[in-house]
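What follows is a single structure, written as structure tokens, with notes after it.
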Amino acid sequence: MVRDNGGRIIGGQPFANNTIPRSQFSRNAAGFLNILGRIDRSPGVQVPNTPELLRIPYQDTYTFQKNQKVARVDWVKSSSIQCFAHSASISHLSPSSLVQPPDLG
């Protein structure tokens with residue numbers, strides 16, 4: 001494909017049947033196409049001045065919840081004696097295991 005300075009396609013030869021050959025897919029393409037296949041494209045709108053693009057609003061359906069508490073303590077006795085400590089506590093909760101929101105206090 002040949003594109004102009006605005007990124008619009010202005011020339012080149014398209015793939016046969018407008019299909020990219022699998023030999024040109026990356027190793028991650030199958031997983032990426034699987035995710036794209038789940039998206040509802042019905043609310044899509046055309047991108048102005050770019051007929052080959054479609055803007056599709058996407059709401060994440062991610063339901064995994066993660067609570068994380070982080071603490072850091074810095075101690076400076078002098079310019080040559082300094083110390084810091086870092087602690088992290090992470091708990092993963094599935095939506096079915098939540099009875100009430102965890103206490104963040």
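Residue numbering restarts at 1 in every chain; chains get A, B, ... in the order shown in the structure tokens, and ligands count up from 1 in that same order.
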Practice problem: Identify, on the basis of only C-alpha atoms, every residue whose closest approach to A:Gly7 does not exceed 12 Å; exclude the query and any residue fewer than 3 positions from it along the same chain; express the result as a PyMOL selection string. | Solution: chain A and resi 1-4+10-11+49-53
Write to file, as a short mmCIF file (atom, residue, chain, number, x, y, z; two decimals), in the first residue's frame, the residues of the selection just made, with N, CA and C atoms.
data_model
loop_
_atom_site.label_atom_id
_atom_site.label_comp_id
_atom_site.auth_asym_id
_atom_site.auth_seq_id
_atom_site.Cartn_x
_atom_site.Cartn_y
_atom_site.Cartn_z
N MET A 1 0.82 -1.18 0.00
CA MET A 1 0.00 0.00 0.00
C MET A 1 0.87 1.25 0.00
N VAL A 2 0.36 2.27 -0.59
CA VAL A 2 1.04 3.56 -0.60
C VAL A 2 0.12 4.55 0.11
N ARG A 3 0.70 5.27 1.07
CA ARG A 3 -0.08 6.24 1.85
C ARG A 3 0.46 7.64 1.64
N ASP A 4 -0.43 8.64 1.75
CA ASP A 4 0.01 10.02 1.68
C ASP A 4 0.46 10.49 3.07
N ILE A 10 -3.45 5.76 -0.88
CA ILE A 10 -3.62 6.40 -2.19
C ILE A 10 -3.20 5.50 -3.34
N GLY A 11 -2.70 4.29 -3.04
CA GLY A 11 -2.29 3.40 -4.12
C GLY A 11 -1.80 2.07 -3.59
N ASN A 49 -12.97 11.45 6.66
CA ASN A 49 -11.90 11.53 5.66
C ASN A 49 -11.03 10.29 5.57
N THR A 50 -11.44 9.18 6.19
CA THR A 50 -10.67 7.94 6.13
C THR A 50 -11.65 6.78 5.95
N PRO A 51 -12.07 6.51 4.73
CA PRO A 51 -13.12 5.51 4.51
C PRO A 51 -12.75 4.09 4.90
N GLU A 52 -11.44 3.79 5.00
CA GLU A 52 -11.07 2.41 5.33
C GLU A 52 -11.08 2.15 6.84
N LEU A 53 -11.35 3.18 7.66
CA LEU A 53 -11.36 3.00 9.11
C LEU A 53 -12.76 3.13 9.68
#
Quiz prompt | Residues within 12 Å of A:Ser87, only C-alpha atoms, excluding chain neighbours under 3 positions, as a PyMOL selection string | solution = chain A and resi 68-73+84+90
Quiz item: Which value, in Å to one decimal, gives the distance between atom CA of A:Val45 and atom CA of A:Ile9?
Solution: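 Here the two named atoms are 18.9 Å from each other.
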Quiz prompt | Sel. of alpha helix (DSSP H) residues, stretch 1-97 of chain A, as a PyMOL selection string | solution = chain A and resi 29-37
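Going from atom CA of A:Pro48 over to atom CA of A:Ala16, you cover 26.5 Å.
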Quiz item: Any idea what the distance is between atom CA of A:Asp40 and atom CA of A:Arg55?
Solution: 11.7 Å
